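Below is final.cif, holding mmCIF, C-alpha atoms.
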```cif
data_final
#
loop_
_atom_site.group_PDB
_atom_site.id
_atom_site.type_symbol
_atom_site.label_atom_id
_atom_site.label_comp_id
_atom_site.auth_asym_id
_atom_site.auth_seq_id
_atom_site.Cartn_x
_atom_site.Cartn_y
_atom_site.Cartn_z
ATOM 1 C CA MET E 158 222.830 152.706 170.761
ATOM 2 C CA LYS E 159 224.641 155.006 168.403
ATOM 3 C CA LEU E 160 226.300 158.396 168.578
ATOM 4 C CA SER E 161 224.859 160.875 166.121
ATOM 5 C CA GLU E 162 226.575 161.448 162.819
ATOM 6 C CA GLY E 163 227.009 165.053 163.925
ATOM 7 C CA THR E 164 229.530 163.970 166.539
ATOM 8 C CA GLU E 165 231.852 162.650 163.884
ATOM 9 C CA TRP E 166 231.528 165.857 161.846
ATOM 10 C CA ALA E 167 232.056 168.003 164.923
ATOM 11 C CA ILE E 168 235.331 166.261 165.814
ATOM 12 C CA HIS E 169 236.551 166.524 162.218
ATOM 13 C CA CYS E 170 235.602 170.228 162.068
ATOM 14 C CA CYS E 171 237.441 170.953 165.298
ATOM 15 C CA SER E 172 240.440 169.020 164.062
ATOM 16 C CA LEU E 173 240.482 171.088 160.871
ATOM 17 C CA LEU E 174 240.190 174.332 162.848
ATOM 18 C CA ALA E 175 243.059 173.169 165.055
ATOM 19 C CA ASN E 176 245.288 173.221 161.981
ATOM 20 C CA LEU E 177 244.603 176.853 161.137
ATOM 21 C CA PRO E 178 247.138 179.544 161.930
ATOM 22 C CA PRO E 179 246.294 181.626 165.015
ATOM 23 C CA ASP E 180 243.945 184.513 164.196
ATOM 24 C CA PHE E 181 242.766 182.935 160.984
ATOM 25 C CA ALA E 182 239.007 182.315 160.831
ATOM 26 C CA LEU E 183 237.490 179.915 158.320
ATOM 27 C CA PRO E 184 234.151 180.902 156.760
ATOM 28 C CA LYS E 185 231.372 178.340 157.131
ATOM 29 C CA SER E 186 231.216 178.013 153.356
ATOM 30 C CA ARG E 187 234.856 176.920 153.296
ATOM 31 C CA LEU E 188 234.397 174.435 156.126
ATOM 32 C CA ALA E 189 231.462 172.990 154.190
ATOM 33 C CA GLU E 190 233.581 172.854 151.047
ATOM 34 C CA PHE E 191 236.404 171.025 152.818
ATOM 35 C CA PHE E 192 234.022 168.298 153.956
ATOM 36 C CA ASP E 193 231.821 168.371 150.866
ATOM 37 C CA LEU E 194 228.795 169.013 153.087
ATOM 38 C CA PRO E 195 225.776 171.324 152.729
ATOM 39 C CA GLU E 196 226.364 174.477 154.792
ATOM 40 C CA ASP E 197 222.991 174.165 156.515
ATOM 41 C CA TYR E 198 223.834 170.688 157.722
ATOM 42 C CA LEU E 199 227.146 171.837 159.128
ATOM 43 C CA ALA E 200 225.591 174.908 160.746
ATOM 44 C CA LYS E 201 223.833 172.837 163.398
ATOM 45 C CA PHE E 202 227.030 171.259 164.761
ATOM 46 C CA LEU E 203 228.900 174.531 164.597
ATOM 47 C CA GLN E 204 226.165 176.143 166.665
ATOM 48 C CA GLU E 205 226.435 173.376 169.230
ATOM 49 C CA LEU E 206 230.217 173.732 169.357
ATOM 50 C CA SER E 207 229.810 177.467 169.736
ATOM 51 C CA ARG E 208 227.265 177.102 172.531
ATOM 52 C CA ALA E 209 229.715 174.802 174.334
ATOM 53 C CA GLY E 210 232.431 177.461 174.089
ATOM 54 C CA LEU E 211 234.668 175.386 171.841
ATOM 55 C CA VAL E 212 234.521 177.492 168.683
ATOM 56 C CA LYS E 213 233.874 181.187 168.144
ATOM 57 C CA THR E 214 232.742 183.152 165.126
ATOM 58 C CA SER E 215 233.508 186.551 163.764
ATOM 59 C CA ARG E 216 231.540 188.427 161.128
ATOM 60 C CA GLY E 217 232.481 190.573 158.197
ATOM 61 C CA PRO E 218 235.448 190.281 155.825
ATOM 62 C CA GLY E 219 237.980 187.789 157.170
ATOM 63 C CA GLY E 220 235.309 186.449 159.501
ATOM 64 C CA GLY E 221 234.454 182.835 160.134
ATOM 65 C CA TYR E 222 235.033 180.028 162.613
ATOM 66 C CA GLN E 223 238.019 179.377 164.792
ATOM 67 C CA LEU E 224 238.666 177.485 168.008
ATOM 68 C CA ALA E 225 237.679 179.432 171.092
ATOM 69 C CA LYS E 226 240.753 178.172 172.962
ATOM 70 C CA PRO E 227 244.004 176.355 172.155
ATOM 71 C CA ALA E 228 243.566 172.790 170.851
ATOM 72 C CA GLY E 229 245.592 171.479 173.798
ATOM 73 C CA GLN E 230 242.909 172.825 176.120
ATOM 74 C CA ILE E 231 239.985 171.112 174.396
ATOM 75 C CA ASN E 232 239.408 167.408 174.932
ATOM 76 C CA VAL E 233 237.410 164.946 172.866
ATOM 77 C CA LEU E 234 234.781 164.473 175.565
ATOM 78 C CA GLU E 235 233.911 168.179 175.414
ATOM 79 C CA ILE E 236 233.351 167.984 171.675
ATOM 80 C CA VAL E 237 231.264 164.820 171.936
ATOM 81 C CA GLN E 238 229.147 166.254 174.737
ATOM 82 C CA ALA E 239 228.652 169.511 172.845
ATOM 83 C CA VAL E 240 226.700 167.488 170.278
ATOM 84 C CA GLU E 241 225.329 164.604 172.337
ATOM 85 C CA GLY E 242 224.629 166.376 175.608
ATOM 86 C CA ASP E 243 225.992 165.142 178.912
ATOM 87 C CA GLN E 244 223.126 162.960 180.084
ATOM 88 C CA HIS E 245 223.796 159.345 181.051
ATOM 89 C CA PHE E 246 223.428 156.660 178.335
ATOM 90 C CA PHE E 247 221.662 154.622 180.952
ATOM 91 C CA GLN E 248 218.714 156.456 182.381
ATOM 92 C CA CYS E 249 217.465 154.688 185.463
ATOM 93 C CA THR E 250 213.678 154.725 185.646
ATOM 94 C CA GLU E 251 213.649 153.135 189.106
ATOM 95 C CA ILE E 252 212.191 149.841 187.977
ATOM 96 C CA ARG E 253 212.874 148.449 191.456
ATOM 97 C CA ARG E 254 209.985 150.560 192.744
ATOM 98 C CA CYS E 255 207.489 148.962 190.322
ATOM 99 C CA GLY E 256 205.144 146.072 190.894
ATOM 100 C CA PRO E 257 204.127 144.112 193.977
ATOM 101 C CA SER E 258 207.490 144.364 195.773
ATOM 102 C CA GLY E 259 207.919 148.152 195.477
ATOM 103 C CA VAL E 260 207.854 150.162 198.677
ATOM 104 C CA ALA E 261 207.620 153.869 199.485
ATOM 105 C CA ASP E 262 210.135 156.170 197.778
ATOM 106 C CA LYS E 263 211.773 157.222 201.049
ATOM 107 C CA HIS E 264 213.232 153.717 201.470
ATOM 108 C CA TYR E 265 215.462 154.026 198.401
ATOM 109 C CA LYS E 266 218.477 155.911 199.652
ATOM 110 C CA LYS E 267 220.938 155.401 196.801
ATOM 111 C CA PRO E 268 220.992 154.292 193.149
ATOM 112 C CA CYS E 269 220.601 150.540 192.734
ATOM 113 C CA GLY E 270 223.471 148.242 191.782
ATOM 114 C CA ILE E 271 222.338 148.155 188.166
ATOM 115 C CA ALA E 272 222.401 151.946 187.782
ATOM 116 C CA ARG E 273 225.760 152.159 189.599
ATOM 117 C CA THR E 274 227.269 149.503 187.327
ATOM 118 C CA MET E 275 225.975 151.197 184.191
ATOM 119 C CA HIS E 276 227.123 154.621 185.326
ATOM 120 C CA ARG E 277 230.575 153.346 186.285
ATOM 121 C CA ALA E 278 230.989 152.026 182.748
ATOM 122 C CA GLU E 279 230.000 155.403 181.326
ATOM 123 C CA ALA E 280 232.511 157.099 183.597
ATOM 124 C CA ALA E 281 235.217 154.861 182.087
ATOM 125 C CA TRP E 282 234.083 155.895 178.583
ATOM 126 C CA ARG E 283 234.123 159.575 179.524
ATOM 127 C CA ALA E 284 237.542 159.287 181.171
ATOM 128 C CA GLU E 285 239.055 157.836 177.995
ATOM 129 C CA LEU E 286 237.650 160.650 175.869
ATOM 130 C CA ALA E 287 238.610 163.346 178.364
ATOM 131 C CA ALA E 288 242.198 162.075 178.306
ATOM 132 C CA VAL E 289 242.678 162.866 174.610
ATOM 133 C CA SER E 290 243.116 166.487 173.572
ATOM 134 C CA LEU E 291 242.093 167.954 170.265
ATOM 135 C CA ASN E 292 245.765 168.668 169.765
ATOM 136 C CA GLU E 293 246.537 164.951 169.889
ATOM 137 C CA ILE E 294 243.690 164.217 167.465
ATOM 138 C CA SER E 295 244.977 166.788 165.050
ATOM 139 C CA GLN E 296 248.555 165.501 165.345
ATOM 140 C CA MET E 297 247.470 161.920 164.663
ATOM 141 C CA GLY E 298 245.777 163.235 161.540
ATOM 142 C CA ALA E 299 248.890 165.121 160.436
ATOM 143 C CA GLU E 300 251.200 162.169 161.062
ATOM 144 C CA GLU E 301 249.049 159.435 159.606
ATOM 145 C CA SER E 302 247.351 160.962 156.604
ATOM 146 C CA PRO E 303 248.520 159.733 153.214
ATOM 147 C CA GLN E 304 251.229 162.029 151.811
ATOM 148 C CA GLU E 305 249.047 162.921 148.862
ATOM 149 C CA GLN E 306 246.244 163.993 151.201
ATOM 150 C CA ILE E 307 248.583 166.229 153.182
ATOM 151 C CA GLU E 308 249.686 167.916 149.971
ATOM 152 C CA LYS E 309 246.108 168.383 148.798
ATOM 153 C CA SER E 310 245.127 169.789 152.193
ATOM 154 C CA LEU E 311 248.005 172.242 152.144
ATOM 155 C CA SER E 312 247.131 173.472 148.691
ATOM 156 C CA TRP E 313 243.505 173.819 149.736
ATOM 157 C CA PHE E 314 244.586 175.838 152.794
ATOM 158 C CA GLU E 315 246.654 178.106 150.565
ATOM 159 C CA SER E 316 243.701 178.678 148.277
ATOM 160 C CA VAL E 317 241.490 179.844 151.134
ATOM 161 C CA MET E 318 243.938 182.122 152.922
ATOM 162 C CA MET Y 238 222.908 159.086 173.007
ATOM 163 C CA LYS Y 239 220.775 156.868 175.149
ATOM 164 C CA LEU Y 240 220.444 153.161 175.822
ATOM 165 C CA SER Y 241 216.972 151.849 175.142
ATOM 166 C CA GLU Y 242 214.542 151.444 177.990
ATOM 167 C CA GLY Y 243 214.500 147.743 177.137
ATOM 168 C CA THR Y 244 218.060 147.405 178.389
ATOM 169 C CA GLU Y 245 217.027 148.405 181.876
ATOM 170 C CA TRP Y 246 214.100 145.981 181.842
ATOM 171 C CA ALA Y 247 216.270 143.183 180.489
ATOM 172 C CA ILE Y 248 218.821 143.547 183.302
ATOM 173 C CA HIS Y 249 216.058 143.651 185.910
ATOM 174 C CA CYS Y 250 214.372 140.579 184.402
ATOM 175 C CA CYS Y 251 217.627 138.633 184.420
ATOM 176 C CA SER Y 252 218.281 139.720 187.977
ATOM 177 C CA LEU Y 253 214.851 138.451 189.011
ATOM 178 C CA LEU Y 254 215.413 135.139 187.203
ATOM 179 C CA ALA Y 255 218.772 134.840 188.976
ATOM 180 C CA ASN Y 256 216.884 134.704 192.266
ATOM 181 C CA LEU Y 257 214.731 131.749 191.296
ATOM 182 C CA PRO Y 258 215.477 128.279 192.614
ATOM 183 C CA PRO Y 259 217.176 125.988 190.062
ATOM 184 C CA ASP Y 260 214.682 124.246 187.792
ATOM 185 C CA PHE Y 261 211.946 126.749 188.517
ATOM 186 C CA ALA Y 262 210.629 128.568 185.446
ATOM 187 C CA LEU Y 263 208.668 131.801 185.721
ATOM 188 C CA PRO Y 264 205.761 132.291 183.292
ATOM 189 C CA LYS Y 265 205.877 135.466 181.225
ATOM 190 C CA SER Y 266 202.640 136.609 182.820
ATOM 191 C CA ARG Y 267 204.280 136.454 186.269
ATOM 192 C CA LEU Y 268 207.371 138.303 185.107
ATOM 193 C CA ALA Y 269 205.086 140.996 183.701
ATOM 194 C CA GLU Y 270 203.186 141.097 186.980
ATOM 195 C CA PHE Y 271 206.358 141.493 189.030
ATOM 196 C CA PHE Y 272 207.345 144.543 186.998
ATOM 197 C CA ASP Y 273 203.821 145.828 186.433
ATOM 198 C CA LEU Y 274 204.442 145.760 182.680
ATOM 199 C CA PRO Y 275 202.273 144.672 179.724
ATOM 200 C CA GLU Y 276 203.263 141.142 178.677
ATOM 201 C CA ASP Y 277 203.629 142.162 175.042
ATOM 202 C CA TYR Y 278 206.108 144.844 175.960
ATOM 203 C CA LEU Y 279 208.178 142.423 177.995
ATOM 204 C CA ALA Y 280 208.021 139.749 175.282
ATOM 205 C CA LYS Y 281 210.342 141.687 172.995
ATOM 206 C CA PHE Y 282 213.217 141.827 175.500
ATOM 207 C CA LEU Y 283 212.719 138.238 176.537
ATOM 208 C CA GLN Y 284 212.999 137.218 172.902
ATOM 209 C CA GLU Y 285 216.220 139.147 172.573
ATOM 210 C CA LEU Y 286 217.608 137.577 175.738
ATOM 211 C CA SER Y 287 216.586 134.185 174.439
ATOM 212 C CA ARG Y 288 218.207 134.761 171.060
ATOM 213 C CA ALA Y 289 221.410 135.716 172.868
ATOM 214 C CA GLY Y 290 221.346 132.429 174.800
ATOM 215 C CA LEU Y 291 220.876 134.095 178.179
ATOM 216 C CA VAL Y 292 217.379 132.845 179.021
ATOM 217 C CA LYS Y 293 215.481 129.762 177.945
ATOM 218 C CA THR Y 294 211.803 128.927 177.881
ATOM 219 C CA SER Y 295 209.796 125.822 178.475
ATOM 220 C CA ARG Y 296 206.162 125.257 177.532
ATOM 221 C CA GLY Y 297 203.274 123.581 179.230
ATOM 222 C CA PRO Y 298 202.374 123.378 182.939
ATOM 223 C CA GLY Y 299 205.289 124.580 185.055
ATOM 224 C CA GLY Y 300 206.772 126.203 181.966
ATOM 225 C CA GLY Y 301 208.183 129.696 181.685
ATOM 226 C CA TYR Y 302 211.449 131.583 181.646
ATOM 227 C CA GLN Y 303 214.672 130.781 183.415
ATOM 228 C CA LEU Y 304 218.328 131.654 182.931
ATOM 229 C CA ALA Y 305 220.029 129.526 180.312
ATOM 230 C CA LYS Y 306 223.181 129.318 182.420
ATOM 231 C CA PRO Y 307 224.273 130.110 185.987
ATOM 232 C CA ALA Y 308 224.121 133.820 186.915
ATOM 233 C CA GLY Y 309 227.854 133.767 187.649
ATOM 234 C CA GLN Y 310 228.463 132.901 183.996
ATOM 235 C CA ILE Y 311 226.446 135.789 182.566
ATOM 236 C CA ASN Y 312 227.889 139.288 182.574
ATOM 237 C CA VAL Y 313 226.148 142.641 182.258
ATOM 238 C CA LEU Y 314 227.688 143.372 178.861
ATOM 239 C CA GLU Y 315 226.043 140.254 177.418
ATOM 240 C CA ILE Y 316 222.639 141.398 178.627
ATOM 241 C CA VAL Y 317 223.129 144.935 177.333
ATOM 242 C CA GLN Y 318 224.327 143.711 173.952
ATOM 243 C CA ALA Y 319 221.431 141.257 173.693
ATOM 244 C CA VAL Y 320 219.138 144.289 173.549
ATOM 245 C CA GLU Y 321 221.359 146.979 172.031
ATOM 246 C CA GLY Y 322 223.375 144.891 169.607
ATOM 247 C CA ASP Y 323 227.156 144.900 169.563
ATOM 248 C CA GLN Y 324 227.834 147.596 166.997
ATOM 249 C CA HIS Y 325 230.081 150.519 167.900
ATOM 250 C CA PHE Y 326 228.461 153.666 169.335
ATOM 251 C CA PHE Y 327 230.737 155.589 167.046
ATOM 252 C CA GLN Y 328 230.327 154.557 163.471
ATOM 253 C CA CYS Y 329 233.112 155.969 161.363
ATOM 254 C CA THR Y 330 231.862 157.122 157.984
ATOM 255 C CA GLU Y 331 235.394 157.891 156.747
ATOM 256 C CA ILE Y 332 234.937 161.633 156.665
ATOM 257 C CA ARG Y 333 238.668 161.984 155.988
ATOM 258 C CA ARG Y 334 238.051 160.716 152.462
ATOM 259 C CA CYS Y 335 235.541 163.495 151.684
ATOM 260 C CA GLY Y 336 236.105 166.809 150.000
ATOM 261 C CA PRO Y 337 239.046 168.329 148.160
ATOM 262 C CA SER Y 338 241.769 166.631 150.224
ATOM 263 C CA GLY Y 339 240.445 163.071 149.941
ATOM 264 C CA VAL Y 340 242.576 160.567 148.043
ATOM 265 C CA ALA Y 341 242.007 157.055 146.703
ATOM 266 C CA ASP Y 342 240.702 154.464 149.170
ATOM 267 C CA LYS Y 343 243.807 152.293 148.927
ATOM 268 C CA HIS Y 344 245.845 154.969 150.750
ATOM 269 C CA TYR Y 345 243.891 154.592 153.998
ATOM 270 C CA LYS Y 346 245.490 151.609 155.671
ATOM 271 C CA LYS Y 347 244.066 151.871 159.199
ATOM 272 C CA PRO Y 348 241.250 153.613 161.103
ATOM 273 C CA CYS Y 349 241.949 157.294 161.720
ATOM 274 C CA GLY Y 350 242.919 158.670 165.134
ATOM 275 C CA ILE Y 351 239.381 159.874 165.770
ATOM 276 C CA ALA Y 352 237.847 156.431 165.212
ATOM 277 C CA ARG Y 353 240.592 154.776 167.276
ATOM 278 C CA THR Y 354 240.019 157.196 170.162
ATOM 279 C CA MET Y 355 236.262 156.703 170.083
ATOM 280 C CA HIS Y 356 236.561 152.932 169.869
ATOM 281 C CA ARG Y 357 239.091 152.796 172.714
ATOM 282 C CA ALA Y 358 236.580 154.606 174.927
ATOM 283 C CA GLU Y 359 233.882 152.093 174.001
ATOM 284 C CA ALA Y 360 236.245 149.254 174.832
ATOM 285 C CA ALA Y 361 236.632 150.751 178.328
ATOM 286 C CA TRP Y 362 232.832 150.889 178.694
ATOM 287 C CA ARG Y 363 232.480 147.286 177.546
ATOM 288 C CA ALA Y 364 235.267 146.101 179.848
ATOM 289 C CA GLU Y 365 233.527 147.615 182.882
ATOM 290 C CA LEU Y 366 230.246 145.896 182.021
ATOM 291 C CA ALA Y 367 231.907 142.588 181.202
ATOM 292 C CA ALA Y 368 233.589 142.616 184.610
ATOM 293 C CA VAL Y 369 230.288 142.496 186.496
ATOM 294 C CA SER Y 370 228.384 139.224 186.604
ATOM 295 C CA LEU Y 371 224.646 138.886 186.878
ATOM 296 C CA ASN Y 372 225.334 137.149 190.153
ATOM 297 C CA GLU Y 373 226.920 140.309 191.533
ATOM 298 C CA ILE Y 374 223.997 142.409 190.273
ATOM 299 C CA SER Y 375 221.540 140.115 191.949
ATOM 300 C CA GLN Y 376 223.549 140.091 195.201
ATOM 301 C CA MET Y 377 223.704 143.880 195.306
ATOM 302 C CA GLY Y 378 219.931 143.870 194.953
ATOM 303 C CA ALA Y 379 219.510 141.365 197.759
ATOM 304 C CA GLU Y 380 221.875 143.215 200.086
ATOM 305 C CA GLU Y 381 220.682 146.743 199.425
ATOM 306 C CA SER Y 382 216.943 146.481 198.967
ATOM 307 C CA PRO Y 383 214.818 147.951 201.748
ATOM 308 C CA GLN Y 384 213.847 145.241 204.264
ATOM 309 C CA GLU Y 385 210.167 145.730 203.492
ATOM 310 C CA GLN Y 386 210.839 145.161 199.782
ATOM 311 C CA ILE Y 387 212.698 141.938 200.483
ATOM 312 C CA GLU Y 388 209.764 140.673 202.529
ATOM 313 C CA LYS Y 389 207.268 141.646 199.833
ATOM 314 C CA SER Y 390 209.422 139.968 197.178
ATOM 315 C CA LEU Y 391 209.637 136.778 199.207
ATOM 316 C CA SER Y 392 205.903 136.636 199.748
ATOM 317 C CA TRP Y 393 205.350 137.270 196.024
ATOM 318 C CA PHE Y 394 207.783 134.437 195.203
ATOM 319 C CA GLU Y 395 205.880 132.122 197.537
ATOM 320 C CA SER Y 396 202.599 133.022 195.862
ATOM 321 C CA VAL Y 397 203.905 132.069 192.415
ATOM 322 C CA MET Y 398 205.622 128.808 193.288
#
```
As structure tokens, the full file:
Amino acid sequence: MKLSEGTEWAIHCCSLLANLPPDFALPKSRLAEFFDLPEDYLAKFLQELSRAGLVKTSRGPGGGYQLAKPAGQINVLEIVQAVEGDQHFFQCTEIRRCGPSGVADKHYKKPCGIARTMHRAEAAWRAELAAVSLNEISQMGAEESPQEQIEKSLSWFESVM
Amino acid sequence: MKLSEGTEWAIHCCSLLANLPPDFALPKSRLAEFFDLPEDYLAKFLQELSRAGLVKTSRGPGGGYQLAKPAGQINVLEIVQAVEGDQHFFQCTEIRRCGPSGVADKHYKKPCGIARTMHRAEAAWRAELAAVSLNEISQMGAEESPQEQIEKSLSWFESVM
């Protein structure tokens, strides 16, 4: 089982947008440039983030992408689910009802112990991701990036503003 | 992101094997019959469980599949990882090194905050699954199955022994 590559890009994009000054929108071409990615590839994740209400776009001169709400009000789970969807990893197909011991559907009143165990584990995964805000992600990046990277980022920001 | 269907079958197979008397081995054909599955389909998961040291096989008359160790010594995470592998869901491709702000590899001393956050969430998922033994799974099944299913299971068991 593997999260899609798009999830990683989506979190990085959001983290970059979190560093922009309020009211500044970054054109898709610039986002693509920052990550050295084809614009078309990036467009898919941006659309998903937009559909989830995490980023917004504006057109025309000065237009582009920005966060739809403050980074402190977006958590990592929301970003991940924008790309991955919110379905369970474990999708119970009711195997217990198969074969010679299965009985009529009405007798199965609640999910079986296997599905409950699997879903409880997913809830723990979701809780961890929901507990971390985009603001924290972006701060970790700012505090831990190599000094030279911070300088290069700042000069890139200046060049695009 | 979705766990493979095989994971669900593997847990159900192990749970069935956990209900067998010690020293009784269930032929693959009977396992397939219990779940109303093609033998070939089942064979793949059984191989994976065998490779992971969770089930063992014996040949000849009276041969078949049984757990390789007591159900109390097998946990759900082991079964899941036998089928899914133990790689991270989130595979960091070091996006931070891309584009105009990336610097030389030697400057990145530890995983970035995004990878750490994602991996911490996976650790929580794994911990939940590791905390539940196959014995508990099998007991939940025994306690919660509809009475009619328990009776049908018992009569099926009798027919195969």
* To do: Pull out every residue of chain Y that has at least one atom within 7 Å of chain E, counting only C-alpha atoms, and report them as a PyMOL selection string.
  => chain Y and resi 238-240+270-273+321+326-327+335-340+344-345+350-351+358-359+361-362+365-366+374+377-378+383+385-386+389-390
* Tyr302 in chain Y environment, 8 Å, all atoms listed in the file, sequence neighbours closer than 3 positions dropped, as JSON, numbers by chain -> {"Y": [254, 262, 263, 264, 265, 292, 293, 294, 295]}
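Picture a line from CA of Asn292 in chain E to CA of Arg216 in chain E; it runs 25.8 Å.
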* To do: Spell out the residues picked by the PyMOL selection byres ((chain Y and resi 285) around 10) here, as an MDAnalysis selection string.
  => chainID Y and resid 243 247 280:284 286:292 316 318:322
Please write the residues from the selection above to a file, keeping C-alpha atoms, as a short mmCIF file (atom, residue, chain, number, x, y, z; two decimals), in the frame of the given file.
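Listed below is the output, result-v5.cif:
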```cif
data_model
loop_
_atom_site.label_atom_id
_atom_site.label_comp_id
_atom_site.auth_asym_id
_atom_site.auth_seq_id
_atom_site.Cartn_x
_atom_site.Cartn_y
_atom_site.Cartn_z
CA GLY Y 243 214.50 147.74 177.14
CA ALA Y 247 216.27 143.18 180.49
CA ALA Y 280 208.02 139.75 175.28
CA LYS Y 281 210.34 141.69 173.00
CA PHE Y 282 213.22 141.83 175.50
CA LEU Y 283 212.72 138.24 176.54
CA GLN Y 284 213.00 137.22 172.90
CA LEU Y 286 217.61 137.58 175.74
CA SER Y 287 216.59 134.18 174.44
CA ARG Y 288 218.21 134.76 171.06
CA ALA Y 289 221.41 135.72 172.87
CA GLY Y 290 221.35 132.43 174.80
CA LEU Y 291 220.88 134.10 178.18
CA VAL Y 292 217.38 132.84 179.02
CA ILE Y 316 222.64 141.40 178.63
CA GLN Y 318 224.33 143.71 173.95
CA ALA Y 319 221.43 141.26 173.69
CA VAL Y 320 219.14 144.29 173.55
CA GLU Y 321 221.36 146.98 172.03
CA GLY Y 322 223.38 144.89 169.61
#
```
* To do: Tell me, as a VMD selection string, which residues lie within 9 Å of Pro307 in chain Y, counting all atoms listed in the file; anything in the same chain fewer than 2 positions away does not count.
  => chain Y and resid 255 304 to 305 309 to 311 371 to 372
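Between CA of Gly297 in chain Y and CA of Arg267 in chain Y there is a distance of 14.7 Å.
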* To do: For CA of Ala228 in chain E and CA of Ser290 in chain E, quote the distance in Å rounded to one decimal.
  => 6.9 Å
Mind working out the centre and edge lengths of an axis-aligned box for range 263-280 of chain Y, all listed atoms inside, 3 Å added to each side, rounded to one decimal in Å and written as JSON?
```
{"center_x": 205.5, "center_y": 138.8, "center_z": 182.0, "size_x": 12.4, "size_y": 20.0, "size_z": 20.0}
```
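Each of E:Pro195, E:Asp180, E:Glu315, E:Ser186 was compared to Lys226 in chain E using only C-alpha atoms, and E:Asp180 turns out to be the nearest.
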